[in-house]
file run17.cif (mmCIF, C-alpha atoms and all ligand atoms)
data_structure
loop_
_atom_site.group_PDB
_atom_site.id
_atom_site.type_symbol
_atom_site.label_atom_id
_atom_site.label_comp_id
_atom_site.auth_asym_id
_atom_site.auth_seq_id
_atom_site.Cartn_x
_atom_site.Cartn_y
_atom_site.Cartn_z
ATOM 1 C CA MET A 1438 23.948 2.176 13.094
ATOM 2 C CA ALA A 1439 21.699 -0.099 15.054
ATOM 3 C CA GLU A 1440 23.605 -2.654 17.066
ATOM 4 C CA PRO A 1441 22.476 -6.270 16.957
ATOM 5 C CA MET A 1442 19.961 -6.888 19.682
ATOM 6 C CA THR A 1443 20.846 -9.238 22.507
ATOM 7 C CA GLU A 1444 18.617 -11.178 24.844
ATOM 8 C CA ALA A 1445 19.887 -9.166 27.797
ATOM 9 C CA GLY A 1446 19.425 -5.816 26.055
ATOM 10 C CA PRO A 1447 16.673 -4.258 23.953
ATOM 11 C CA VAL A 1448 15.078 -7.574 22.982
ATOM 12 C CA ALA A 1449 14.105 -8.261 26.581
ATOM 13 C CA LEU A 1450 12.795 -4.726 27.052
ATOM 14 C CA ARG A 1451 10.687 -4.219 23.940
ATOM 15 C CA THR A 1452 6.891 -4.360 24.039
ATOM 16 C CA SER A 1453 4.784 -5.157 20.989
ATOM 17 C CA PRO A 1454 2.033 -2.701 19.951
ATOM 18 C CA LEU A 1455 -0.656 -5.296 20.714
ATOM 19 C CA ALA A 1456 0.740 -6.959 23.838
ATOM 20 C CA HIS A 1457 -2.084 -5.393 25.864
ATOM 21 C CA LEU A 1458 -4.730 -7.030 23.604
ATOM 22 C CA GLU A 1459 -3.240 -10.523 23.669
ATOM 23 C CA GLU A 1460 -5.767 -11.819 26.178
ATOM 24 C CA ARG A 1461 -8.761 -10.283 24.361
ATOM 25 C CA MET A 1462 -7.624 -11.604 20.990
ATOM 26 C CA ARG A 1463 -7.311 -15.108 22.421
ATOM 27 C CA ALA A 1464 -10.771 -14.865 24.006
ATOM 28 C CA ALA A 1465 -12.258 -13.683 20.689
ATOM 29 C CA ALA A 1466 -11.301 -16.902 18.890
ATOM 30 C CA VAL A 1467 -14.284 -18.697 17.362
ATOM 31 C CA PRO A 1468 -13.987 -22.505 16.984
ATOM 32 C CA GLY A 1469 -15.659 -24.781 14.486
ATOM 33 C CA ALA A 1470 -16.873 -24.615 10.904
ATOM 34 C CA ARG A 1471 -17.410 -20.857 11.133
ATOM 35 C CA GLY A 1472 -14.218 -20.411 13.094
ATOM 36 C CA VAL A 1473 -11.802 -17.515 13.004
ATOM 37 C CA THR A 1474 -8.773 -16.682 15.136
ATOM 38 C CA LEU A 1475 -6.705 -13.552 15.640
ATOM 39 C CA THR A 1476 -3.140 -13.378 16.923
ATOM 40 C CA GLU A 1477 -0.267 -10.962 16.814
ATOM 41 C CA ARG A 1478 3.067 -12.089 15.423
ATOM 42 C CA PRO A 1479 5.246 -9.360 16.876
ATOM 43 C CA PHE A 1480 8.769 -8.242 16.019
ATOM 44 C CA LEU A 1481 8.918 -9.543 12.476
ATOM 45 C CA THR A 1482 11.825 -8.002 10.582
ATOM 46 C CA MET A 1483 10.731 -5.623 7.800
ATOM 47 C CA VAL A 1484 13.123 -3.849 5.477
ATOM 48 C CA ASN A 1485 11.922 -1.236 3.025
ATOM 49 C CA LEU A 1486 13.841 -1.517 -0.203
ATOM 50 C CA ARG A 1487 14.041 0.968 -3.068
ATOM 51 C CA VAL A 1488 16.090 0.273 -6.162
ATOM 52 C CA GLY A 1489 15.634 0.607 -9.916
ATOM 53 C CA PRO A 1490 13.818 -2.499 -11.183
ATOM 54 C CA GLY A 1491 15.952 -4.518 -13.568
ATOM 55 C CA SER A 1492 19.125 -2.623 -12.620
ATOM 56 C CA GLU A 1493 22.440 -4.276 -11.792
ATOM 57 C CA ALA A 1494 21.932 -3.306 -8.151
ATOM 58 C CA ALA A 1495 18.556 -5.075 -8.243
ATOM 59 C CA ASP A 1496 20.341 -8.172 -9.571
ATOM 60 C CA ARG A 1497 22.810 -8.052 -6.687
ATOM 61 C CA ILE A 1498 19.985 -7.673 -4.170
ATOM 62 C CA GLU A 1499 18.065 -10.580 -5.703
ATOM 63 C CA HIS A 1500 21.226 -12.665 -5.424
ATOM 64 C CA THR A 1501 21.628 -11.660 -1.756
ATOM 65 C CA LEU A 1502 18.016 -12.506 -0.934
ATOM 66 C CA GLY A 1503 17.935 -15.609 -3.095
ATOM 67 C CA ALA A 1504 14.567 -14.353 -4.385
ATOM 68 C CA ARG A 1505 13.442 -12.236 -7.326
ATOM 69 C CA LEU A 1506 11.973 -8.806 -6.669
ATOM 70 C CA PRO A 1507 8.338 -9.194 -7.789
ATOM 71 C CA ARG A 1508 7.486 -6.879 -10.671
ATOM 72 C CA ARG A 1509 3.706 -6.632 -10.463
ATOM 73 C CA CYS A 1510 1.240 -5.402 -7.861
ATOM 74 C CA GLY A 1511 0.128 -8.259 -5.601
ATOM 75 C CA ASP A 1512 3.036 -10.579 -6.379
ATOM 76 C CA THR A 1513 5.324 -11.936 -3.684
ATOM 77 C CA THR A 1514 8.443 -14.081 -3.795
ATOM 78 C CA SER A 1515 9.974 -16.184 -1.035
ATOM 79 C CA ALA A 1516 13.306 -17.746 -0.206
ATOM 80 C CA GLY A 1517 14.384 -19.156 3.148
ATOM 81 C CA PRO A 1518 13.424 -16.710 5.907
ATOM 82 C CA HIS A 1519 12.542 -13.904 3.449
ATOM 83 C CA THR A 1520 9.349 -12.931 1.661
ATOM 84 C CA VAL A 1521 9.495 -9.979 -0.730
ATOM 85 C CA VAL A 1522 6.295 -7.979 -1.185
ATOM 86 C CA TRP A 1523 5.665 -5.523 -4.033
ATOM 87 C CA LEU A 1524 4.900 -2.013 -2.704
ATOM 88 C CA GLY A 1525 5.465 0.034 -5.865
ATOM 89 C CA PRO A 1526 7.260 -0.090 -9.210
ATOM 90 C CA ASP A 1527 10.609 0.559 -7.505
ATOM 91 C CA GLU A 1528 9.747 -0.254 -3.895
ATOM 92 C CA TRP A 1529 9.498 -3.491 -1.949
ATOM 93 C CA LEU A 1530 9.057 -4.683 1.620
ATOM 94 C CA VAL A 1531 11.228 -7.588 2.714
ATOM 95 C CA LEU A 1532 9.520 -9.555 5.494
ATOM 96 C CA SER A 1533 11.906 -11.840 7.296
ATOM 97 C CA SER A 1534 12.668 -13.802 10.425
ATOM 98 C CA ALA A 1535 16.331 -12.864 10.005
ATOM 99 C CA GLU A 1536 17.867 -10.267 12.304
ATOM 100 C CA GLY A 1537 16.930 -6.784 11.098
ATOM 101 C CA ALA A 1538 20.252 -4.988 11.409
ATOM 102 C CA VAL A 1539 22.111 -7.856 9.744
ATOM 103 C CA LEU A 1540 19.670 -8.138 6.825
ATOM 104 C CA THR A 1541 19.661 -4.366 6.300
ATOM 105 C CA ALA A 1542 23.461 -4.288 6.241
ATOM 106 C CA GLU A 1543 23.533 -7.114 3.684
ATOM 107 C CA LEU A 1544 21.031 -5.347 1.451
ATOM 108 C CA ARG A 1545 22.912 -2.039 1.723
ATOM 109 C CA ALA A 1546 26.126 -3.788 0.760
ATOM 110 C CA ALA A 1547 24.364 -5.320 -2.251
ATOM 111 C CA LEU A 1548 22.887 -1.950 -3.238
ATOM 112 C CA GLY A 1549 26.352 -0.397 -3.161
ATOM 113 C CA PRO A 1550 26.605 3.101 -4.648
ATOM 114 C CA ALA A 1551 23.528 2.673 -6.859
ATOM 115 C CA PRO A 1552 20.561 4.991 -6.271
ATOM 116 C CA GLY A 1553 18.158 3.459 -3.766
ATOM 117 C CA SER A 1554 17.801 2.608 -0.112
ATOM 118 C CA ALA A 1555 17.441 -0.265 2.330
ATOM 119 C CA VAL A 1556 15.930 0.813 5.639
ATOM 120 C CA ASP A 1557 15.008 -1.290 8.642
ATOM 121 C CA VAL A 1558 11.356 -0.379 9.266
ATOM 122 C CA SER A 1559 10.538 -3.308 11.565
ATOM 123 C CA ALA A 1560 9.048 -1.009 14.205
ATOM 124 C CA ASN A 1561 6.866 0.805 11.656
ATOM 125 C CA ARG A 1562 4.275 -1.955 11.481
ATOM 126 C CA THR A 1563 3.180 -4.966 13.457
ATOM 127 C CA THR A 1564 1.680 -8.198 12.172
ATOM 128 C CA LEU A 1565 -1.829 -9.489 12.836
ATOM 129 C CA GLU A 1566 -2.721 -12.980 11.730
ATOM 130 C CA LEU A 1567 -6.374 -13.676 10.967
ATOM 131 C CA SER A 1568 -7.160 -17.278 10.137
ATOM 132 C CA GLY A 1569 -10.059 -19.693 9.737
ATOM 133 C CA PRO A 1570 -13.064 -20.399 7.513
ATOM 134 C CA SER A 1571 -14.754 -17.077 8.405
ATOM 135 C CA SER A 1572 -11.703 -14.863 8.138
ATOM 136 C CA ARG A 1573 -12.520 -13.664 4.609
ATOM 137 C CA GLN A 1574 -16.025 -12.659 5.714
ATOM 138 C CA VAL A 1575 -14.521 -10.761 8.657
ATOM 139 C CA LEU A 1576 -12.291 -8.768 6.330
ATOM 140 C CA GLU A 1577 -15.075 -8.211 3.805
ATOM 141 C CA LYS A 1578 -16.915 -6.131 6.408
ATOM 142 C CA GLY A 1579 -14.420 -3.348 5.841
ATOM 143 C CA CYS A 1580 -12.082 -4.034 2.919
ATOM 144 C CA PRO A 1581 -12.907 -2.540 -0.499
ATOM 145 C CA LEU A 1582 -10.853 -5.126 -2.400
ATOM 146 C CA ASP A 1583 -12.254 -8.275 -3.954
ATOM 147 C CA LEU A 1584 -10.996 -11.006 -1.622
ATOM 148 C CA HIS A 1585 -12.746 -13.859 -3.448
ATOM 149 C CA PRO A 1586 -10.338 -16.637 -4.488
ATOM 150 C CA ARG A 1587 -10.809 -15.642 -8.135
ATOM 151 C CA ALA A 1588 -9.107 -12.316 -7.314
ATOM 152 C CA LEU A 1589 -6.892 -12.985 -4.296
ATOM 153 C CA GLY A 1590 -5.172 -16.208 -3.319
ATOM 154 C CA PRO A 1591 -2.266 -17.577 -1.316
ATOM 155 C CA GLY A 1592 0.966 -15.720 -1.981
ATOM 156 C CA ARG A 1593 -0.765 -12.462 -2.937
ATOM 157 C CA ALA A 1594 -0.125 -9.267 -0.964
ATOM 158 C CA VAL A 1595 -1.720 -5.864 -1.578
ATOM 159 C CA SER A 1596 -1.891 -2.480 0.094
ATOM 160 C CA THR A 1597 -5.447 -1.566 0.989
ATOM 161 C CA THR A 1598 -7.667 -0.513 3.893
ATOM 162 C CA VAL A 1599 -9.478 -2.559 6.523
ATOM 163 C CA GLY A 1600 -12.026 -0.355 8.186
ATOM 164 C CA PRO A 1601 -10.377 3.064 8.036
ATOM 165 C CA VAL A 1602 -6.886 1.648 8.631
ATOM 166 C CA ALA A 1603 -4.313 1.385 5.847
ATOM 167 C CA VAL A 1604 -2.766 -2.077 5.862
ATOM 168 C CA LEU A 1605 -0.637 -4.337 3.797
ATOM 169 C CA LEU A 1606 -2.755 -7.469 3.379
ATOM 170 C CA TRP A 1607 -1.015 -10.756 2.622
ATOM 171 C CA GLN A 1608 -2.926 -13.987 2.076
ATOM 172 C CA VAL A 1609 -0.695 -16.779 3.341
ATOM 173 C CA ASP A 1610 -2.711 -19.945 2.702
ATOM 174 C CA ASP A 1611 -6.076 -21.435 1.789
ATOM 175 C CA ALA A 1612 -7.471 -21.750 5.355
ATOM 176 C CA PRO A 1613 -7.656 -18.856 4.566
ATOM 177 C CA THR A 1614 -4.958 -17.208 6.650
ATOM 178 C CA TYR A 1615 -4.261 -13.509 6.201
ATOM 179 C CA ARG A 1616 -1.513 -11.404 7.673
ATOM 180 C CA LEU A 1617 -2.321 -7.736 8.140
ATOM 181 C CA PHE A 1618 0.419 -5.163 8.571
ATOM 182 C CA PRO A 1619 -0.957 -1.938 10.061
ATOM 183 C CA ARG A 1620 1.244 0.894 11.278
ATOM 184 C CA SER A 1621 1.991 0.305 14.948
ATOM 185 C CA SER A 1622 -0.012 3.300 16.120
ATOM 186 C CA PHE A 1623 -3.120 2.033 14.290
ATOM 187 C CA ALA A 1624 -2.713 -1.562 15.471
ATOM 188 C CA ASP A 1625 -4.769 -1.144 18.638
ATOM 189 C CA TYR A 1626 -7.716 0.259 16.675
ATOM 190 C CA LEU A 1627 -7.475 -2.448 14.009
ATOM 191 C CA GLY A 1628 -7.160 -5.193 16.642
ATOM 192 C CA ARG A 1629 -10.338 -4.015 18.354
ATOM 193 C CA TRP A 1630 -12.092 -3.566 15.001
ATOM 194 C CA LEU A 1631 -11.299 -7.188 14.072
ATOM 195 C CA ILE A 1632 -12.330 -8.547 17.488
ATOM 196 C CA ASP A 1633 -15.676 -6.808 17.041
ATOM 197 C CA ALA A 1634 -16.048 -8.074 13.468
ATOM 198 C CA MET A 1635 -15.339 -11.662 14.580
ATOM 199 C CA GLU A 1636 -18.018 -11.666 17.264
ATOM 200 C CA GLU A 1637 -21.024 -12.558 15.083
ATOM 201 C CA PHE A 1638 -19.475 -15.839 13.902
ATOM 202 C CA ARG A 1639 -19.761 -17.204 17.435
ATOM 203 C CA GLY A 1640 -23.522 -17.518 16.976
ATOM 204 C CA PRO A 1641 -25.479 -19.624 14.479
ATOM 205 C CA GLU A 1642 -25.593 -18.516 10.867
ATOM 206 C CA VAL A 1643 -28.505 -16.220 10.103
ATOM 207 C CA PRO A 1644 -30.272 -17.662 7.039
ATOM 208 C CA MET B 1123 -17.551 6.643 -5.433
ATOM 209 C CA LEU B 1124 -15.169 6.812 -8.369
ATOM 210 C CA LEU B 1125 -13.403 3.674 -9.497
ATOM 211 C CA ILE B 1126 -9.968 4.829 -10.605
ATOM 212 C CA THR B 1127 -7.449 2.581 -12.323
ATOM 213 C CA CYS B 1128 -3.938 3.047 -10.986
ATOM 214 C CA PRO B 1129 -1.438 2.394 -13.810
ATOM 215 C CA TRP B 1130 0.422 0.011 -11.472
ATOM 216 C CA CYS B 1131 -2.227 -1.449 -9.146
ATOM 217 C CA GLY B 1132 -5.366 -1.611 -11.281
ATOM 218 C CA PRO B 1133 -8.896 -0.452 -10.395
ATOM 219 C CA ARG B 1134 -9.320 0.732 -6.802
ATOM 220 C CA ASP B 1135 -11.868 2.795 -4.910
ATOM 221 C CA GLU B 1136 -11.510 6.563 -4.889
ATOM 222 C CA THR B 1137 -10.867 6.423 -1.114
ATOM 223 C CA GLU B 1138 -7.410 4.955 -1.792
ATOM 224 C CA TYR B 1139 -6.357 8.074 -3.692
ATOM 225 C CA HIS B 1140 -5.394 11.670 -3.086
ATOM 226 C CA TYR B 1141 -6.404 14.399 -5.537
ATOM 227 C CA GLY B 1142 -3.671 16.611 -6.976
ATOM 228 C CA GLY B 1143 -5.444 19.166 -9.171
ATOM 229 C CA GLN B 1144 -4.989 19.943 -12.834
ATOM 230 C CA ALA B 1145 -2.281 18.023 -14.680
ATOM 231 C CA HIS B 1146 0.196 19.401 -17.195
ATOM 232 C CA VAL B 1147 0.767 22.770 -15.520
ATOM 233 C CA PRO B 1148 4.440 23.411 -16.257
ATOM 234 C CA TYR B 1149 6.671 25.253 -13.810
ATOM 235 C CA PRO B 1150 7.679 28.641 -15.290
ATOM 236 C CA GLU B 1151 10.843 28.390 -17.334
ATOM 237 C CA THR B 1152 12.250 31.687 -16.062
ATOM 238 C CA PRO B 1153 10.621 32.139 -12.652
ATOM 239 C CA ALA B 1154 12.767 35.166 -11.757
ATOM 240 C CA ASP B 1155 11.286 37.146 -14.653
ATOM 241 C CA LEU B 1156 7.647 36.638 -13.708
ATOM 242 C CA THR B 1157 5.451 39.527 -12.628
ATOM 243 C CA ASP B 1158 3.156 39.115 -9.636
ATOM 244 C CA GLU B 1159 0.268 38.733 -12.036
ATOM 245 C CA GLN B 1160 2.015 35.961 -13.930
ATOM 246 C CA TRP B 1161 2.857 34.204 -10.660
ATOM 247 C CA ALA B 1162 -0.759 34.453 -9.595
ATOM 248 C CA ALA B 1163 -1.838 32.938 -12.900
ATOM 249 C CA TYR B 1164 0.619 30.067 -12.444
ATOM 250 C CA VAL B 1165 -0.204 29.378 -8.794
ATOM 251 C CA PHE B 1166 -3.962 29.940 -8.679
ATOM 252 C CA TYR B 1167 -5.517 29.890 -12.147
ATOM 253 C CA ARG B 1168 -6.763 26.558 -13.394
ATOM 254 C CA ASP B 1169 -8.988 25.435 -16.226
ATOM 255 C CA ASN B 1170 -12.540 24.503 -15.347
ATOM 256 C CA PRO B 1171 -13.875 22.626 -18.348
ATOM 257 C CA LYS B 1172 -17.215 20.889 -18.581
ATOM 258 C CA GLY B 1173 -16.121 17.547 -19.965
ATOM 259 C CA PRO B 1174 -12.807 15.681 -20.095
ATOM 260 C CA PHE B 1175 -10.230 17.126 -17.725
ATOM 261 C CA ALA B 1176 -6.642 15.958 -17.155
ATOM 262 C CA GLU B 1177 -5.857 15.841 -13.451
ATOM 263 C CA ARG B 1178 -3.279 14.390 -11.118
ATOM 264 C CA TRP B 1179 -4.020 11.679 -8.587
ATOM 265 C CA MET B 1180 -1.802 9.885 -6.119
ATOM 266 C CA HIS B 1181 -2.388 6.318 -4.982
ATOM 267 C CA SER B 1182 -1.777 7.166 -1.341
ATOM 268 C CA ILE B 1183 -3.043 3.902 0.194
ATOM 269 C CA GLY B 1184 -1.408 1.718 -2.464
ATOM 270 C CA CYS B 1185 1.804 2.216 -4.407
ATOM 271 C CA ARG B 1186 2.084 5.929 -3.468
ATOM 272 C CA ARG B 1187 2.773 6.961 -7.064
ATOM 273 C CA TRP B 1188 1.478 10.067 -8.818
ATOM 274 C CA PHE B 1189 -0.222 9.578 -12.163
ATOM 275 C CA ASN B 1190 -2.708 11.342 -14.414
ATOM 276 C CA VAL B 1191 -6.383 10.697 -14.985
ATOM 277 C CA LEU B 1192 -8.707 11.949 -17.706
ATOM 278 C CA ARG B 1193 -12.052 12.463 -16.001
ATOM 279 C CA ASP B 1194 -15.256 13.890 -17.426
ATOM 280 C CA THR B 1195 -16.240 16.656 -15.015
ATOM 281 C CA ALA B 1196 -19.882 16.493 -16.122
ATOM 282 C CA THR B 1197 -20.455 12.750 -15.755
ATOM 283 C CA HIS B 1198 -17.555 11.848 -13.378
ATOM 284 C CA GLU B 1199 -16.666 9.095 -15.822
ATOM 285 C CA VAL B 1200 -12.998 8.170 -15.531
ATOM 286 C CA LEU B 1201 -12.019 8.017 -19.196
ATOM 287 C CA THR B 1202 -8.464 6.760 -18.810
ATOM 288 C CA SER B 1203 -5.410 6.956 -16.591
ATOM 289 C CA TYR B 1204 -1.773 7.147 -17.610
ATOM 290 C CA ARG B 1205 1.683 7.399 -16.111
ATOM 291 C CA LEU B 1206 3.549 10.674 -15.728
ATOM 292 C CA ASP B 1207 6.047 9.609 -18.397
ATOM 293 C CA GLU B 1208 3.301 8.890 -20.903
ATOM 294 C CA PRO B 1209 1.733 11.567 -23.124
ATOM 295 C CA ARG B 1210 -1.819 12.666 -22.536
ATOM 296 C CA PRO B 1211 -4.147 10.519 -24.624
ATOM 297 C CA GLU B 1212 -5.910 12.452 -27.367
ATOM 298 C CA LEU B 1213 -9.567 13.157 -26.757
ATOM 299 C CA PRO B 1214 -11.802 15.707 -28.437
ATOM 300 C CA GLN B 1215 -12.414 18.891 -26.392
ATOM 301 C CA ALA B 1216 -10.144 17.715 -23.572
ATOM 302 C CA GLY B 1217 -9.302 20.535 -21.201
ATOM 303 C CA GLY B 1218 -6.487 20.836 -18.700
ATOM 304 C CA ASN B 1219 -3.619 21.161 -21.140
ATOM 305 C CA ARG B 1220 -1.506 24.309 -21.505
HETATM 306 ZN ZN ZN A 1701 -1.093 2.162 -7.284
#
call {"tool": "encode", "arguments": {"input": "run17.cif", "output": "structure tokens"}}
result
Amino acid sequence: MAEPMTEAGPVALRTSPLAHLEERMRAAAVPGARGVTLTERPFLTMVNLRVGPGSEAADRIEHTLGARLPRRCGDTTSAGPHTVVWLGPDEWLVLSSAEGAVLTAELRAALGPAPGSAVDVSANRTTLELSGPSSRQVLEKGCPLDLHPRALGPGRAVSTTVGPVAVLLWQVDDAPTYRLFPRSSFADYLGRWLIDAMEEFRGPEVP
Amino acid sequence: MLLITCPWCGPRDETEYHYGGQAHVPYPETPADLTDEQWAAYVFYRDNPKGPFAERWMHSIGCRRWFNVLRDTATHEVLTSYRLDEPRPELPQAGGNR
């Protein structure tokens, strides 16, 4: 079992998948009415959860989280430090600021002997935050989904692709702010792809 | 580009999916009794209809679930999609069912 991380131990030693792009992402920020910014929010806790929907074990897990497990594609639920994202009919991703090992242990205890799993996958993905008036247009350069407010709004999260990279895409607010969750090994490519896609908004709008 | 409707996620581009070949090909009930020829028929032989064809797809970029699609092989029209625990919808001349 993973031991809780301490400031003197692994926490101080870990490096985020996009630490080397921090400077370039900051420099790529576009201010103003056509503005868009890109930042990494590293080391978010992510727990992959599989359990039969509507089962007693699912009830116990919902009680532990304080949030319902969303039942439809795109839906999310939130409570305290946790946001639960729908990944499949019996699969969810719990995004949280709580400590990973502790949350995973709580969810495992709630699952009990029922069929399913709760696995700490925090290192599997990293989090990119894209925000500002132009952020939807940046994503629309390479995302096949309809991102218009009529189809996607705050609190919606879907698995899709941005460029060639598979991501979980979560719209957080109306700014609009999006959080993108690529696998860590694809994060560098996606970060550079987004920096490139943001570049044109620095100049005046082409009529 | 096909637009395929995942039973759980709704319509998504073909690029989000992985193709899985003909649907409704049952595993042999008594595999130990099969001759080489019968094994070959099970492993390699598939229908090749011109028209509606039942085939498996997996939503690899999305919910990662397998499901079935009825697709017209002549027009590429996706006629319908359905879950693995649902029966194949009735269509005239539909191939891919054994
Ligand atoms: Zn799906």
call {"tool": "resolve_selection", "arguments": {"input": "run17.cif", "expression": "the PyMOL selection byres (((not hetatm)) within 12 of (chain A and resi 1701))", "output": "NGL selection string"}}
result
(:A and (1509-1511 or 1523-1528 or 1595-1597)) or (:B and (1126-1136 or 1138-1140 or 1179-1190 or 1203-1205))
call {"tool": "write_last_selection", "arguments": {"input": "run17.cif", "atoms": "C-alpha atoms", "output": "CSV table (one decimal), in the frame of the given file"}}
result
chain,number,residue,atom,x,y,z
A,1509,ARG,CA,3.7,-6.6,-10.5
A,1510,CYS,CA,1.2,-5.4,-7.9
A,1511,GLY,CA,0.1,-8.3,-5.6
A,1523,TRP,CA,5.7,-5.5,-4.0
A,1524,LEU,CA,4.9,-2.0,-2.7
A,1525,GLY,CA,5.5,0.0,-5.9
A,1526,PRO,CA,7.3,-0.1,-9.2
A,1527,ASP,CA,10.6,0.6,-7.5
A,1528,GLU,CA,9.7,-0.3,-3.9
A,1595,VAL,CA,-1.7,-5.9,-1.6
A,1596,SER,CA,-1.9,-2.5,0.1
A,1597,THR,CA,-5.4,-1.6,1.0
B,1126,ILE,CA,-10.0,4.8,-10.6
B,1127,THR,CA,-7.4,2.6,-12.3
B,1128,CYS,CA,-3.9,3.0,-11.0
B,1129,PRO,CA,-1.4,2.4,-13.8
B,1130,TRP,CA,0.4,0.0,-11.5
B,1131,CYS,CA,-2.2,-1.4,-9.1
B,1132,GLY,CA,-5.4,-1.6,-11.3
B,1133,PRO,CA,-8.9,-0.5,-10.4
B,1134,ARG,CA,-9.3,0.7,-6.8
B,1135,ASP,CA,-11.9,2.8,-4.9
B,1136,GLU,CA,-11.5,6.6,-4.9
B,1138,GLU,CA,-7.4,5.0,-1.8
B,1139,TYR,CA,-6.4,8.1,-3.7
B,1140,HIS,CA,-5.4,11.7,-3.1
B,1179,TRP,CA,-4.0,11.7,-8.6
B,1180,MET,CA,-1.8,9.9,-6.1
B,1181,HIS,CA,-2.4,6.3,-5.0
B,1182,SER,CA,-1.8,7.2,-1.3
B,1183,ILE,CA,-3.0,3.9,0.2
B,1184,GLY,CA,-1.4,1.7,-2.5
B,1185,CYS,CA,1.8,2.2,-4.4
B,1186,ARG,CA,2.1,5.9,-3.5
B,1187,ARG,CA,2.8,7.0,-7.1
B,1188,TRP,CA,1.5,10.1,-8.8
B,1189,PHE,CA,-0.2,9.6,-12.2
B,1190,ASN,CA,-2.7,11.3,-14.4
B,1203,SER,CA,-5.4,7.0,-16.6
B,1204,TYR,CA,-1.8,7.1,-17.6
B,1205,ARG,CA,1.7,7.4,-16.1
call {"tool": "closest_residue", "arguments": {"input": "run17.cif", "among": "A:Cys1580, A:Leu1617, A:Leu1567, A:Leu1627", "to": "B:Thr1137", "atoms": "all atoms listed in the file"}}
result
A:Cys1580
call {"tool": "residues_around", "arguments": {"input": "run17.cif", "residues": "A:Ala1466", "least_positions_apart": "5", "cutoff": "7 Å", "atoms": "all atoms listed in the file", "output": "NGL selection string"}}
result
:A and (1473-1475)
call {"tool": "resolve_selection", "arguments": {"input": "run17.cif", "expression": "the PyMOL selection byres (((chain B and resi 1172) around 9) and not hetatm)", "output": "number ranges by chain"}}
result
B: 1170-1171, 1173-1175, 1194-1196, 1217
call {"tool": "resolve_selection", "arguments": {"input": "run17.cif", "expression": "the PyMOL selection byres (((chain A and resi 1556) around 10) and not hetatm)", "output": "ChimeraX atom specification"}}
result
/A:1483-1487,1530,1537-1538,1540-1542,1544-1545,1554-1555,1557-1559
call {"tool": "atom_distance", "arguments": {"input": "run17.cif", "atom1": "atom CA of B:Leu1206", "atom2": "atom CA of B:Arg1178"}}
result
9.0 Å
call {"tool": "atom_distance", "arguments": {"input": "run17.cif", "atom1": "atom CA of A:Gly1640", "atom2": "atom CA of A:Pro1454"}}
result
29.7 Å
call {"tool": "axis_aligned_box", "arguments": {"input": "run17.cif", "around": "stretch 1523-1540 of chain A", "padding_each_side": "4 Å", "output": "AutoDock Vina command-line options"}}
result
--center_x 13.5 --center_y -6.6 --center_z 1.5 --size_x 25.2 --size_y 22.4 --size_z 29.5
call {"tool": "atom_distance", "arguments": {"input": "run17.cif", "atom1": "atom CA of A:Val1531", "atom2": "atom CA of A:Ala1588"}}
result
23.2 Å
call {"tool": "residues_around", "arguments": {"input": "run17.cif", "residues": "A:Glu1637", "least_positions_apart": "5", "cutoff": "12 Å", "atoms": "all atoms listed in the file", "output": "ChimeraX atom specification"}}
result
/A:1465-1467,1471-1473,1571-1572,1574-1575,1578,1631-1632,1642-1643
call {"tool": "write_last_selection", "arguments": {"input": "run17.cif", "atoms": "C-alpha atoms", "output": "CSV table (one decimal), in the coordinates of the input"}}
result
chain,number,residue,atom,x,y,z
A,1465,ALA,CA,-12.3,-13.7,20.7
A,1466,ALA,CA,-11.3,-16.9,18.9
A,1467,VAL,CA,-14.3,-18.7,17.4
A,1471,ARG,CA,-17.4,-20.9,11.1
A,1472,GLY,CA,-14.2,-20.4,13.1
A,1473,VAL,CA,-11.8,-17.5,13.0
A,1571,SER,CA,-14.8,-17.1,8.4
A,1572,SER,CA,-11.7,-14.9,8.1
A,1574,GLN,CA,-16.0,-12.7,5.7
A,1575,VAL,CA,-14.5,-10.8,8.7
A,1578,LYS,CA,-16.9,-6.1,6.4
A,1631,LEU,CA,-11.3,-7.2,14.1
A,1632,ILE,CA,-12.3,-8.5,17.5
A,1642,GLU,CA,-25.6,-18.5,10.9
A,1643,VAL,CA,-28.5,-16.2,10.1
call {"tool": "closest_residue", "arguments": {"input": "run17.cif", "among": "B:Ala1162, B:His1198, B:Val1191, B:Asp1207", "to": "B:Gly1143", "atoms": "all atoms listed in the file"}}
result
B:Val1191
call {"tool": "closest_residue", "arguments": {"input": "run17.cif", "among": "A:Thr1564, A:Thr1482, A:Thr1452, A:Ser1534", "to": "A:Ala1624", "atoms": "only C-alpha atoms"}}
result
A:Thr1564
call {"tool": "closest_residue", "arguments": {"input": "run17.cif", "among": "A:Asp1512, A:Asp1633, A:Glu1477, A:Asp1625", "to": "chain B", "atoms": "only C-alpha atoms"}}
result
A:Asp1512
